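Asker: Compact mmCIF, C-alpha atoms and all ligand atoms, saved as data.txt, coming up:
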```txt
# COMPACT_ATOMS: atom_id res chain seq x y z
CA MET A 1 27.06 -36.73 -81.79
CA ALA A 2 23.65 -37.61 -80.38
CA ASN A 3 25.45 -39.31 -77.54
CA THR A 4 27.53 -36.25 -76.82
CA GLU A 5 24.36 -34.10 -76.78
CA THR A 6 22.60 -36.56 -74.46
CA ARG A 7 25.57 -36.55 -72.08
CA LYS A 8 25.60 -32.74 -72.13
CA ILE A 9 21.87 -32.60 -71.30
CA ASP A 10 22.36 -35.20 -68.56
CA ARG A 11 25.19 -33.14 -67.07
CA LEU A 12 23.06 -30.00 -67.17
CA ASN A 13 20.20 -31.88 -65.55
CA THR A 14 22.44 -33.21 -62.79
CA GLU A 15 23.91 -29.74 -62.31
CA SER A 16 20.47 -28.13 -62.09
CA ASP A 17 19.26 -30.90 -59.69
CA ARG A 18 22.30 -30.23 -57.52
CA ARG A 19 21.59 -26.50 -57.54
CA VAL A 20 17.92 -27.05 -56.70
CA GLU A 21 18.97 -29.32 -53.86
CA GLU A 22 21.50 -26.77 -52.65
CA ARG A 23 18.91 -23.98 -52.81
CA ALA A 24 16.38 -26.15 -50.99
CA ASP A 25 19.03 -26.86 -48.35
CA GLU A 26 19.75 -23.16 -48.06
CA LEU A 27 16.05 -22.39 -47.72
CA THR A 28 15.60 -25.06 -45.09
CA ARG A 29 18.64 -23.72 -43.27
CA SER A 30 17.40 -20.11 -43.35
CA GLU A 31 13.90 -21.22 -42.39
CA THR A 32 15.37 -23.11 -39.46
CA GLN A 33 17.45 -20.07 -38.59
CA PHE A 34 14.40 -17.84 -38.90
CA LYS A 35 12.38 -20.16 -36.68
CA MET A 36 15.28 -20.31 -34.25
CA ARG A 37 15.47 -16.51 -34.12
CA ALA A 38 11.72 -16.28 -33.61
CA ARG A 39 12.03 -18.87 -30.86
CA LEU A 40 14.89 -16.91 -29.30
CA LEU A 41 12.76 -13.77 -29.41
CA ASP A 42 10.03 -15.77 -27.73
CA ILE A 43 12.37 -17.03 -25.02
CA ALA A 44 13.26 -13.43 -24.14
CA SER A 45 11.22 -12.29 -21.16
CA GLU A 46 11.13 -8.76 -22.56
CA ALA A 47 8.23 -7.67 -24.71
CA ILE A 48 9.63 -7.43 -28.27
CA ILE A 49 7.40 -5.55 -30.65
CA VAL A 50 7.86 -4.34 -34.22
CA ARG A 51 5.61 -1.58 -35.52
CA ASP A 52 5.55 0.57 -38.66
CA MET A 53 5.79 4.34 -38.83
CA ASN A 54 2.01 4.63 -38.35
CA GLY A 55 2.35 2.71 -35.11
CA LEU A 56 0.73 -0.48 -36.50
CA ILE A 57 2.06 -3.63 -34.83
CA SER A 58 3.54 -6.33 -37.12
CA PHE A 59 5.44 -8.47 -34.61
CA TRP A 60 4.53 -9.41 -31.02
CA ASN A 61 6.61 -12.04 -29.18
CA ALA A 62 5.64 -14.36 -26.33
CA GLY A 63 7.28 -11.93 -23.88
CA ALA A 64 4.83 -9.25 -25.04
CA GLU A 65 1.94 -11.71 -24.58
CA LYS A 66 3.11 -12.34 -21.03
CA THR A 67 3.83 -8.70 -20.22
CA TYR A 68 0.54 -7.27 -21.46
CA GLY A 69 -1.82 -10.25 -21.40
CA TRP A 70 -2.79 -9.73 -25.09
CA THR A 71 -2.16 -12.55 -27.60
CA ARG A 72 -0.35 -12.10 -30.92
CA GLU A 73 -3.69 -12.29 -32.75
CA ASP A 74 -5.12 -9.52 -30.54
CA ALA A 75 -2.13 -7.25 -31.10
CA ILE A 76 -1.11 -7.56 -34.78
CA GLY A 77 -2.46 -4.66 -36.85
CA ARG A 78 -3.37 -2.49 -33.83
CA ASN A 79 -1.93 0.96 -33.18
CA ILE A 80 0.61 0.36 -30.42
CA HIS A 81 0.10 3.50 -28.36
CA GLN A 82 -3.68 3.48 -28.47
CA PHE A 83 -3.68 -0.26 -27.79
CA LEU A 84 -1.40 0.01 -24.76
CA GLN A 85 -2.52 3.50 -23.66
CA THR A 86 1.08 4.68 -23.50
CA THR A 87 2.07 7.65 -21.35
CA PHE A 88 5.48 9.07 -22.24
CA PRO A 89 7.76 10.92 -19.81
CA VAL A 90 8.10 13.73 -22.42
CA PRO A 91 5.74 14.75 -25.29
CA HIS A 92 5.34 11.94 -27.84
CA GLU A 93 6.51 14.19 -30.71
CA GLN A 94 9.82 14.68 -28.91
CA VAL A 95 10.29 10.90 -28.64
CA GLU A 96 9.57 10.44 -32.37
CA LYS A 97 11.93 13.32 -33.26
CA GLU A 98 14.78 11.83 -31.22
CA LEU A 99 14.09 8.41 -32.75
CA GLY A 100 14.26 9.94 -36.26
CA GLU A 101 17.53 11.76 -35.55
CA LYS A 102 19.44 9.25 -33.42
CA ARG A 103 17.57 6.09 -34.60
CA PHE A 104 17.35 5.12 -30.91
CA TRP A 105 15.35 6.13 -27.85
CA HIS A 106 15.58 4.89 -24.30
CA GLY A 107 13.20 5.85 -21.50
CA ARG A 108 10.49 4.89 -19.07
CA LEU A 109 6.89 4.45 -20.17
CA THR A 110 3.62 3.72 -18.47
CA GLN A 111 1.27 1.38 -20.32
CA SER A 112 -1.88 -0.65 -19.66
CA LYS A 113 -2.20 -4.41 -19.46
CA ARG A 114 -5.21 -6.27 -20.77
CA ASN A 115 -6.72 -6.32 -17.23
CA GLY A 116 -6.43 -2.54 -17.03
CA GLU A 117 -3.48 -2.56 -14.61
CA ARG A 118 -0.96 0.23 -15.32
CA ILE A 119 2.66 -0.91 -15.49
CA ILE A 120 5.98 0.92 -15.74
CA LEU A 121 8.33 -0.23 -18.52
CA ASP A 122 11.94 0.34 -19.39
CA CYS A 123 11.70 0.92 -23.16
CA ARG A 124 14.33 0.82 -25.92
CA LYS A 125 13.25 1.81 -29.43
CA THR A 126 15.44 1.28 -32.52
CA MET A 127 14.62 2.40 -36.08
CA ASN A 128 15.48 -0.04 -38.92
CA ASP A 129 17.83 0.84 -41.83
CA GLU A 130 14.94 1.36 -44.24
CA ASN A 131 13.34 3.92 -41.91
CA ASP A 132 10.00 2.14 -42.14
CA ALA A 133 9.81 0.14 -38.89
CA VAL A 134 10.65 0.49 -35.22
CA LEU A 135 11.75 -2.34 -32.96
CA GLU A 136 10.71 -1.87 -29.34
CA VAL A 137 12.10 -3.90 -26.44
CA ASN A 138 10.12 -3.25 -23.25
CA ARG A 139 10.85 -4.63 -19.78
CA ASP A 140 8.27 -4.49 -16.99
CA ILE A 141 10.01 -2.78 -14.05
CA THR A 142 6.91 -2.06 -11.95
CA THR A 143 7.90 -4.35 -9.07
CA VAL A 144 11.46 -2.99 -9.03
CA ILE A 145 10.17 0.60 -8.84
CA LYS A 146 7.62 -0.33 -6.15
CA ALA A 147 10.33 -2.15 -4.13
CA GLU A 148 12.57 0.93 -4.41
CA GLU A 149 9.73 3.15 -3.21
CA MET A 150 9.04 0.82 -0.29
CA LEU A 151 12.71 0.75 0.62
CA ARG A 152 12.83 4.55 0.61
CA ALA A 153 9.68 4.65 2.77
CA SER A 154 11.09 2.09 5.21
CA GLU A 155 14.37 4.01 5.43
CA LYS A 156 12.36 7.12 6.23
CA LEU A 157 10.43 5.18 8.87
CA ALA A 158 13.58 3.70 10.38
CA ALA A 159 15.08 7.19 10.67
CA MET A 160 11.86 8.38 12.26
CA GLY A 161 11.90 5.44 14.67
CA ARG A 162 15.40 6.46 15.77
CA VAL A 163 14.27 10.05 16.36
CA ALA A 164 11.20 8.78 18.27
CA GLY A 165 13.50 6.59 20.37
CA ILE A 166 15.75 9.54 21.25
CA ILE A 167 12.76 11.72 22.18
CA ALA A 168 11.17 8.95 24.28
CA HIS A 169 14.46 8.43 26.05
CA GLU A 170 14.77 12.14 26.84
CA ILE A 171 11.17 12.29 28.09
CA ASN A 172 11.67 9.33 30.40
CA ASN A 173 13.76 11.10 33.04
CA PRO A 174 11.56 14.14 33.72
CA LEU A 175 8.58 11.78 33.54
CA ALA A 176 9.95 9.62 36.34
CA ALA A 177 10.46 12.79 38.43
CA ILE A 178 6.89 13.99 37.80
CA THR A 179 5.50 10.55 38.66
CA ASN A 180 7.34 10.66 42.00
CA ILE A 181 6.11 14.18 42.73
CA PHE A 182 2.51 13.12 42.05
CA TYR A 183 2.96 10.12 44.34
CA LEU A 184 4.11 12.44 47.15
CA LEU A 185 1.29 14.87 46.36
CA ARG A 186 -1.37 12.14 46.50
CA ASN A 187 -0.24 11.13 49.96
CA HIS A 188 0.18 14.69 51.21
CA PRO A 189 -1.69 15.15 54.54
CA LEU A 190 -3.01 18.58 53.56
CA LEU A 191 -4.74 17.30 50.44
CA SER A 192 -8.52 17.02 50.67
CA ASP A 193 -10.57 14.35 48.81
CA GLU A 194 -11.49 16.34 45.73
CA PRO A 195 -7.96 17.40 44.69
CA ARG A 196 -6.74 13.91 45.64
CA ALA A 197 -9.17 12.39 43.12
CA LEU A 198 -7.84 14.80 40.51
CA VAL A 199 -4.26 13.85 41.33
CA GLU A 200 -5.19 10.17 40.93
CA ARG A 201 -6.65 10.90 37.48
CA ALA A 202 -3.48 12.79 36.56
CA GLU A 203 -1.40 9.82 37.75
CA GLN A 204 -3.39 7.48 35.52
CA GLU A 205 -2.68 9.72 32.55
CA LEU A 206 0.99 9.88 33.51
CA ASP A 207 0.98 6.11 33.51
CA ARG A 208 -0.24 6.23 29.96
CA VAL A 209 2.55 8.62 28.96
CA SER A 210 5.12 6.34 30.61
CA HIS A 211 3.68 3.39 28.79
CA ILE A 212 3.87 5.20 25.44
CA THR A 213 7.51 6.16 25.98
CA ARG A 214 8.36 2.60 27.04
CA GLN A 215 6.56 1.32 23.99
CA THR A 216 8.42 3.71 21.69
CA LEU A 217 11.73 2.80 23.24
CA SER A 218 11.13 -0.89 22.83
CA PHE A 219 9.63 -0.55 19.33
CA TYR A 220 6.26 -1.85 20.34
CA ARG A 221 7.69 -4.73 22.31
CA GLU A 222 6.77 -5.08 25.91
CA SER A 223 8.09 -7.44 28.51
CA LYS A 224 4.80 -7.90 30.36
CA GLN A 225 2.20 -10.48 29.28
CA PRO A 226 -0.84 -9.43 27.27
CA ILE A 227 -4.18 -9.56 29.10
CA MET A 228 -7.87 -10.03 28.19
CA ILE A 229 -9.47 -6.76 27.17
CA PHE A 230 -13.21 -6.11 27.00
CA MET A 231 -13.76 -3.53 24.32
CA PRO A 232 -16.92 -1.92 25.81
CA GLU A 233 -15.01 -1.14 29.02
CA LEU A 234 -12.02 0.22 27.16
CA LEU A 235 -14.21 2.37 24.87
CA ASP A 236 -16.14 3.76 27.85
CA ASP A 237 -12.79 4.79 29.35
CA VAL A 238 -11.82 6.56 26.13
CA LEU A 239 -15.17 8.37 25.88
CA GLU A 240 -14.88 9.36 29.51
CA LEU A 241 -11.50 10.94 28.88
CA GLN A 242 -12.88 12.83 25.88
CA GLN A 243 -16.01 13.90 27.78
CA ARG A 244 -15.07 17.57 28.03
CA LEU A 245 -14.30 17.93 24.31
CA LEU A 246 -17.47 16.05 23.36
CA ARG A 247 -19.56 18.41 25.47
CA GLU A 248 -17.81 21.53 24.20
CA SER A 249 -18.27 20.48 20.58
CA LYS A 250 -21.97 19.63 21.18
CA ILE A 251 -21.52 16.04 20.06
CA THR A 252 -24.10 13.39 20.91
CA VAL A 253 -22.64 9.95 21.61
CA ARG A 254 -24.38 6.72 20.58
CA ARG A 255 -22.89 3.48 21.87
CA ILE A 256 -24.05 0.07 20.72
CA TYR A 257 -22.07 -2.75 22.28
CA GLN A 258 -23.17 -6.11 20.90
CA SER A 259 -20.15 -8.20 21.76
CA THR A 260 -18.49 -9.06 24.99
CA ALA A 261 -15.88 -11.38 23.47
CA PRO A 262 -12.45 -10.36 24.75
CA VAL A 263 -9.43 -9.34 22.72
CA THR A 264 -6.03 -10.22 24.13
CA GLY A 265 -3.46 -7.47 24.27
CA TYR A 266 -2.18 -4.41 26.03
CA PRO A 267 -4.98 -2.03 27.07
CA SER A 268 -2.85 1.09 26.75
CA GLU A 269 -2.08 0.28 23.11
CA LEU A 270 -5.72 -0.24 22.18
CA ARG A 271 -6.72 2.79 24.22
CA GLN A 272 -4.22 4.76 22.14
CA VAL A 273 -5.84 3.51 18.92
CA PHE A 274 -9.35 4.53 19.98
CA MET A 275 -8.22 7.81 21.56
CA ASN A 276 -6.82 8.68 18.12
CA LEU A 277 -9.95 7.61 16.25
CA VAL A 278 -12.37 9.30 18.64
CA GLY A 279 -10.09 12.38 18.73
CA ASN A 280 -10.14 12.60 14.94
CA ALA A 281 -13.93 12.18 14.88
CA ILE A 282 -14.34 15.02 17.40
CA GLN A 283 -12.00 17.26 15.39
CA ALA A 284 -14.01 16.47 12.24
CA MET A 285 -17.24 17.67 13.93
CA ALA A 286 -16.28 21.19 14.98
CA GLU A 287 -19.90 22.27 14.42
CA GLY A 288 -21.34 19.39 16.44
CA GLY A 289 -22.84 16.10 15.30
CA THR A 290 -23.20 12.47 16.31
CA LEU A 291 -20.44 10.08 17.30
CA GLY A 292 -21.29 6.39 17.03
CA VAL A 293 -19.17 3.77 18.75
CA PHE A 294 -20.25 0.25 17.86
CA VAL A 295 -18.84 -3.11 18.89
CA ARG A 296 -19.86 -6.40 17.34
CA GLU A 297 -18.46 -9.84 16.66
CA SER A 298 -17.47 -10.66 13.11
CA THR A 299 -15.42 -12.93 10.85
CA ASP A 300 -12.56 -11.77 8.67
CA TRP A 301 -13.16 -14.05 5.70
CA THR A 302 -9.80 -13.26 4.12
CA LYS A 303 -8.18 -15.09 7.03
CA ASN A 304 -11.18 -17.08 8.22
CA GLN A 305 -10.77 -15.58 11.66
CA ARG A 306 -13.38 -14.68 14.29
CA GLY A 307 -12.92 -11.40 16.03
CA THR A 308 -14.33 -8.09 17.14
CA ILE A 309 -15.16 -5.09 14.99
CA VAL A 310 -15.15 -1.66 16.55
CA SER A 311 -16.61 1.11 14.38
CA VAL A 312 -16.07 4.77 15.17
CA ILE A 313 -18.54 6.76 13.12
CA ASP A 314 -18.94 10.52 12.80
CA THR A 315 -21.12 12.97 10.93
CA GLY A 316 -18.30 15.46 10.37
CA MET A 317 -16.63 16.98 7.33
CA GLY A 318 -15.72 13.60 5.78
CA ILE A 319 -12.54 12.46 4.05
CA GLN A 320 -11.71 13.89 0.64
CA PRO A 321 -11.33 11.14 -2.00
CA GLU A 322 -7.86 12.43 -2.94
CA ASP A 323 -6.72 12.10 0.71
CA ALA A 324 -8.09 8.59 1.29
CA GLN A 325 -4.94 6.75 0.15
CA ARG A 326 -2.64 8.91 2.26
CA LEU A 327 -4.41 8.95 5.63
CA PHE A 328 -2.25 6.20 7.09
CA GLN A 329 1.05 7.64 5.93
CA PRO A 330 3.23 9.22 8.62
CA PHE A 331 2.97 13.02 8.78
CA PHE A 332 -0.10 13.21 6.55
CA SER A 333 -2.39 15.78 8.12
CA THR A 334 -4.90 18.32 6.86
CA LYS A 335 -4.96 20.11 10.21
CA SER A 336 -2.01 22.47 9.57
CA THR A 337 -0.42 23.23 12.93
CA LYS A 338 -3.07 21.36 14.94
CA GLY A 339 -2.10 17.87 13.78
CA THR A 340 1.15 15.97 13.47
CA GLY A 341 -0.32 13.37 11.10
CA LEU A 342 0.93 10.48 13.21
CA GLY A 343 -2.32 9.38 14.88
CA LEU A 344 -3.57 7.01 12.18
CA TRP A 345 -0.10 5.79 11.27
CA ILE A 346 0.58 4.76 14.87
CA SER A 347 -2.91 3.28 15.21
CA GLN A 348 -2.45 1.19 12.09
CA GLY A 349 0.92 -0.04 13.35
CA ILE A 350 -0.67 -1.20 16.60
CA VAL A 351 -3.66 -2.85 14.89
CA GLN A 352 -1.37 -4.69 12.47
CA LYS A 353 0.64 -5.98 15.40
CA TYR A 354 -2.61 -7.62 16.61
CA ASP A 355 -3.04 -9.19 13.15
CA GLY A 356 -6.02 -6.91 12.68
CA ARG A 357 -6.96 -4.36 10.07
CA ILE A 358 -8.13 -0.80 10.03
CA THR A 359 -10.18 0.63 7.18
CA CYS A 360 -12.17 3.76 6.57
CA ARG A 361 -14.74 5.26 4.27
CA THR A 362 -16.91 8.31 3.92
CA ILE A 363 -20.43 8.06 2.54
CA ARG A 364 -21.70 11.36 1.19
CA GLY A 365 -25.44 11.83 1.21
CA LYS A 366 -28.02 14.60 0.99
CA GLY A 367 -28.30 14.71 4.78
CA GLY A 368 -24.50 15.11 5.19
CA ASN A 369 -21.41 12.93 5.42
CA VAL A 370 -20.92 9.82 7.47
CA THR A 371 -17.34 8.71 8.07
CA CYS A 372 -16.63 5.30 9.49
CA PHE A 373 -13.30 3.97 10.79
CA ARG A 374 -13.50 0.24 11.33
CA VAL A 375 -11.03 -1.77 13.36
CA PHE A 376 -11.06 -5.54 13.17
CA LEU A 377 -9.24 -7.29 16.00
CA PRO A 378 -8.99 -11.08 15.87
CA GLY A 379 -10.11 -13.06 18.92
CA ILE A 380 -6.92 -15.07 18.64
CA GLY A 381 -4.49 -12.65 17.12
CA ALA A 382 -0.80 -12.33 16.49
CA LEU A 383 -0.13 -11.52 20.12
CA ASP A 384 -1.86 -14.65 21.39
CA ARG A 385 -0.12 -16.88 18.88
CA ALA A 386 3.25 -15.35 19.67
CA HIS A 387 2.46 -15.93 23.32
CA HIS A 388 1.32 -19.53 22.76
CA VAL A 389 4.35 -20.60 20.76
CA GLU A 390 6.61 -18.45 22.89
CA ASN A 391 8.32 -16.79 20.05
CA ASP A 392 7.57 -13.76 18.00
CA THR A 393 7.60 -14.96 14.45
CA ALA A 394 3.92 -14.33 13.67
CA SER A 395 3.59 -13.09 10.10
CA HIS A 396 2.18 -9.66 9.41
CA GLU A 397 -0.07 -8.82 6.52
CA VAL A 398 0.10 -5.25 5.33
CA ASN A 399 -3.42 -3.94 5.27
CA ALA A 400 -3.75 -1.33 2.61
CA PRO A 401 -6.17 1.42 3.50
CA ALA A 402 -9.63 0.69 2.15
CA ALA A 403 -10.54 2.10 -1.22
CA HIS A 404 -12.68 5.14 -0.89
N1 LIG B 501 -12.96 11.16 11.17
C1 LIG B 501 -12.31 11.85 10.24
N2 LIG B 501 -12.97 12.67 9.39
C2 LIG B 501 -12.31 13.38 8.44
N3 LIG B 501 -10.99 13.32 8.23
C3 LIG B 501 -10.28 12.51 9.02
C4 LIG B 501 -10.88 11.74 10.06
N4 LIG B 501 -9.90 11.03 10.66
C5 LIG B 501 -8.75 11.34 10.04
N5 LIG B 501 -8.96 12.24 9.07
C6 LIG B 501 -7.96 12.82 8.17
O1 LIG B 501 -6.77 12.05 8.27
C7 LIG B 501 -5.65 12.87 8.57
C8 LIG B 501 -4.64 12.08 9.35
O2 LIG B 501 -5.17 11.72 10.62
P1 LIG B 501 -4.15 11.46 11.80
O3 LIG B 501 -4.92 11.14 13.01
O4 LIG B 501 -3.13 10.50 11.33
O5 LIG B 501 -3.40 12.84 11.96
P2 LIG B 501 -3.94 14.21 12.56
O6 LIG B 501 -5.22 14.00 13.29
O7 LIG B 501 -3.95 15.23 11.47
O8 LIG B 501 -2.77 14.57 13.57
P3 LIG B 501 -2.45 13.81 14.97
O9 LIG B 501 -1.07 13.30 14.81
O10 LIG B 501 -2.56 14.89 15.96
O11 LIG B 501 -3.45 12.75 15.16
C9 LIG B 501 -6.26 14.05 9.29
O12 LIG B 501 -5.44 15.21 9.20
C10 LIG B 501 -7.58 14.24 8.55
O13 LIG B 501 -7.40 14.93 7.36
MG MG B 502 -5.41 12.41 14.72
```
If you took the structure in this file and wrote it as structure tokens, what would it be?
Answerer:
Amino acid sequence: MANTETRKIDRLNTESDRRVEERADELTRSETQFKMRARLLDIASEAIIVRDMNGLISFWNAGAEKTYGWTREDAIGRNIHQFLQTTFPVPHEQVEKELGEKRFWHGRLTQSKRNGERIILDCRKTMNDENDAVLEVNRDITTVIKAEEMLRASEKLAAMGRVAGIIAHEINNPLAAITNIFYLLRNHPLLSDEPRALVERAEQELDRVSHITRQTLSFYRESKQPIMIFMPELLDDVLELQQRLLRESKITVRRIYQSTAPVTGYPSELRQVFMNLVGNAIQAMAEGGTLGVFVRESTDWTKNQRGTIVSVIDTGMGIQPEDAQRLFQPFFSTKSTKGTGLGLWISQGIVQKYDGRITCRTIRGKGGNVTCFRVFLPGIGALDRAHHVENDTASHEVNAPAAH
């Protein structure tokens, strides 16, 4: 009897040991599975976040750490929308309502990273079965959106380039005729010295127009070789051409030329840049003022390059902070019918071709505003390098307009 009892107890013991083992196995398996799932969630490049109905974060994967720059420890327990400074495309209440009704929401959000940078995210929110937590899967699509914007802008520019090409082509024929007429006029026996000098000036200007049309037609490519340009000479030419307007607007000119180092390039292109800058400065000083034109040598430390800085400074109305980012965009103008908004855009295109940069800022003081447009032109720039290696593969850096 005792033996039978002992055997029974032994059997029960063995059975319970087996069950414990099985349960332990199961636990290990589910723990492994759990860890595997957590690892899978970590492998995902998307930010995966779980938060409760009060917005408090309870899960934050490695993708979220990478996307936002905040660690798991930083994030757990924080209110998601305050923490990430979320901006919704529609009122937040509407998002929560849709989430409650459909248990799912999909849209685009703007949130902040740890370093303060604002990013655009494709967001999918799903409510759990118990209605007490929301799973959010967010993908950073900022670069995609920016690339799309740039593509749209470049398509716009390409279309504009085509239109400019057609116009330049149409201008070319009458221009050739006018140039010939002026040539005949200059050599006309009845012409006295004074009108002849005027005709010569007009011919020089016509030359400039021809150059601009050629340049537009060939998309800023010219067949002739670049030459050495001395900025003081070129700037004096520009100021000379603007003499009448400067006088009429009662503008005093101050020139300080501290560098004689040459820049290599095409004079008509650089003349175009400074005609635009000086023209803008004059237009900004309708009530008179002072125009400063300064030239000095300098180093662009971002590229470790020696070069020349030309500053065109005016005491006019100044640039509004909200306009500062848009000045260099094509067709941006605050001059209603008086401006096409192409001057700075074209100037920036030319300066970038020289591997240079153009920046601007307005300093507002008690005595009035001072606006400075600065052009840096490298001593050995893109043109020289292209010329030296006899190909045109010099890289171009896009110089964003200076912060205001
Ligand atoms: N020196 C300046 N002071 C104040 N605002 C300026 C100055 N230079 C440029 N701006 C602003 O930048 C805008 C764009 O200048 P941009 O030269 O490209 O075009 P625009 O002068 O309006 O037209 P245009 O094509 O005839 O040159 C101007 O409309 C003006 O608002
Ligand atoms: Mg202009």
Asker: Just the residues within 10 Å of segment 101-118 of chain A, please, counting only C-alpha atoms, with nothing from its chain fewer than 4 positions along; format it as an NGL selection string.
Answerer: :A and (65-71 or 81-90 or 95-97 or 122-129 or 131 or 134-142)
Asker: Identify, on the basis of only C-alpha atoms, every residue whose closest approach to Trp301 of chain A does not exceed 12 Å; exclude the query and any residue fewer than 4 positions from it along the same chain; express the result as a PyMOL selection string.
Answerer: chain A and resi 305-307+376+378
Asker: Which residues are near Ser333 of chain A? Cut-off 12 Å, only C-alpha atoms, ignore same chain within fewer than 6 positions. Put them as a PyMOL selection string.
Answerer: chain A and resi 280+319+323-324+326-327+339-345
Asker: Looking at A:Lys338, A:Val310, A:Asn276, A:Ala64, which one is nearest to ligand MG 502 (chain B), with distances taken over all atoms listed in the file?
Answerer: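 The shortest atom-to-atom distance to ligand MG 502 (chain B) comes from A:Asn276.
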Asker: What's the separation between atom CA of Arg296 of chain A and atom CA of Val375 of chain A, in Å to one decimal place?
Answerer: 10.7 Å
Asker: Could you work out how far atom CA of Gly288 of chain A lies from atom CA of Ser249 of chain A, giving the answer in Å with one decimal?
Answerer: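 Taking atom CA of Ser249 of chain A and atom CA of Gly288 of chain A, their separation equals 5.3 Å.
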Asker: Give, as JSON, the centre coordinates and the x, y and z edge lengths in Å to one decimal for an axis-aligned box around all listed atoms of segment 59-68 of chain A, padded by 5 Å on each side.
Answerer:
```
{"center_x": 3.9, "center_y": -10.8, "center_z": -27.4, "size_x": 16.7, "size_y": 17.1, "size_z": 24.4}
```
Asker: Show which residues sit within 10 Å of Lys250 of chain A, as number ranges by chain. Count all atoms listed in the file, and ignore same-chain residues fewer than 2 positions away.
Answerer: A: 244-248, 252-253, 282, 285-290
Asker: Keeping only C-alpha atoms, take the residues you just selected and write them out as a PDB file, keeping the file's coordinate frame.
Answerer:
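In the end it all went to selection-v5.pdb:
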```pdb
ATOM      1  CA  ARG A 244     -15.070  17.570  28.030  1.00  0.00           C
ATOM      2  CA  LEU A 245     -14.300  17.930  24.310  1.00  0.00           C
ATOM      3  CA  LEU A 246     -17.470  16.050  23.360  1.00  0.00           C
ATOM      4  CA  ARG A 247     -19.560  18.410  25.470  1.00  0.00           C
ATOM      5  CA  GLU A 248     -17.810  21.530  24.200  1.00  0.00           C
ATOM      6  CA  THR A 252     -24.100  13.390  20.910  1.00  0.00           C
ATOM      7  CA  VAL A 253     -22.640   9.950  21.610  1.00  0.00           C
ATOM      8  CA  ILE A 282     -14.340  15.020  17.400  1.00  0.00           C
ATOM      9  CA  MET A 285     -17.240  17.670  13.930  1.00  0.00           C
ATOM     10  CA  ALA A 286     -16.280  21.190  14.980  1.00  0.00           C
ATOM     11  CA  GLU A 287     -19.900  22.270  14.420  1.00  0.00           C
ATOM     12  CA  GLY A 288     -21.340  19.390  16.440  1.00  0.00           C
ATOM     13  CA  GLY A 289     -22.840  16.100  15.300  1.00  0.00           C
ATOM     14  CA  THR A 290     -23.200  12.470  16.310  1.00  0.00           C
TER      15      THR A 290
END
```
Asker: Could you tell me which of A:Asp314, A:Glu93, A:Asp300, A:Glu21 comes closest to Val278 of chain A if we count all atoms listed in the file?
Answerer: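 Once distances to Val278 of chain A are computed over all atoms listed in the file, the minimum belongs to A:Asp314.
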Asker: Please report the interatomic distance between atom CA of Thr315 of chain A and atom CA of Ile229 of chain A in Å with one decimal.
Answerer: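 These two atoms are separated by 28.1 Å.
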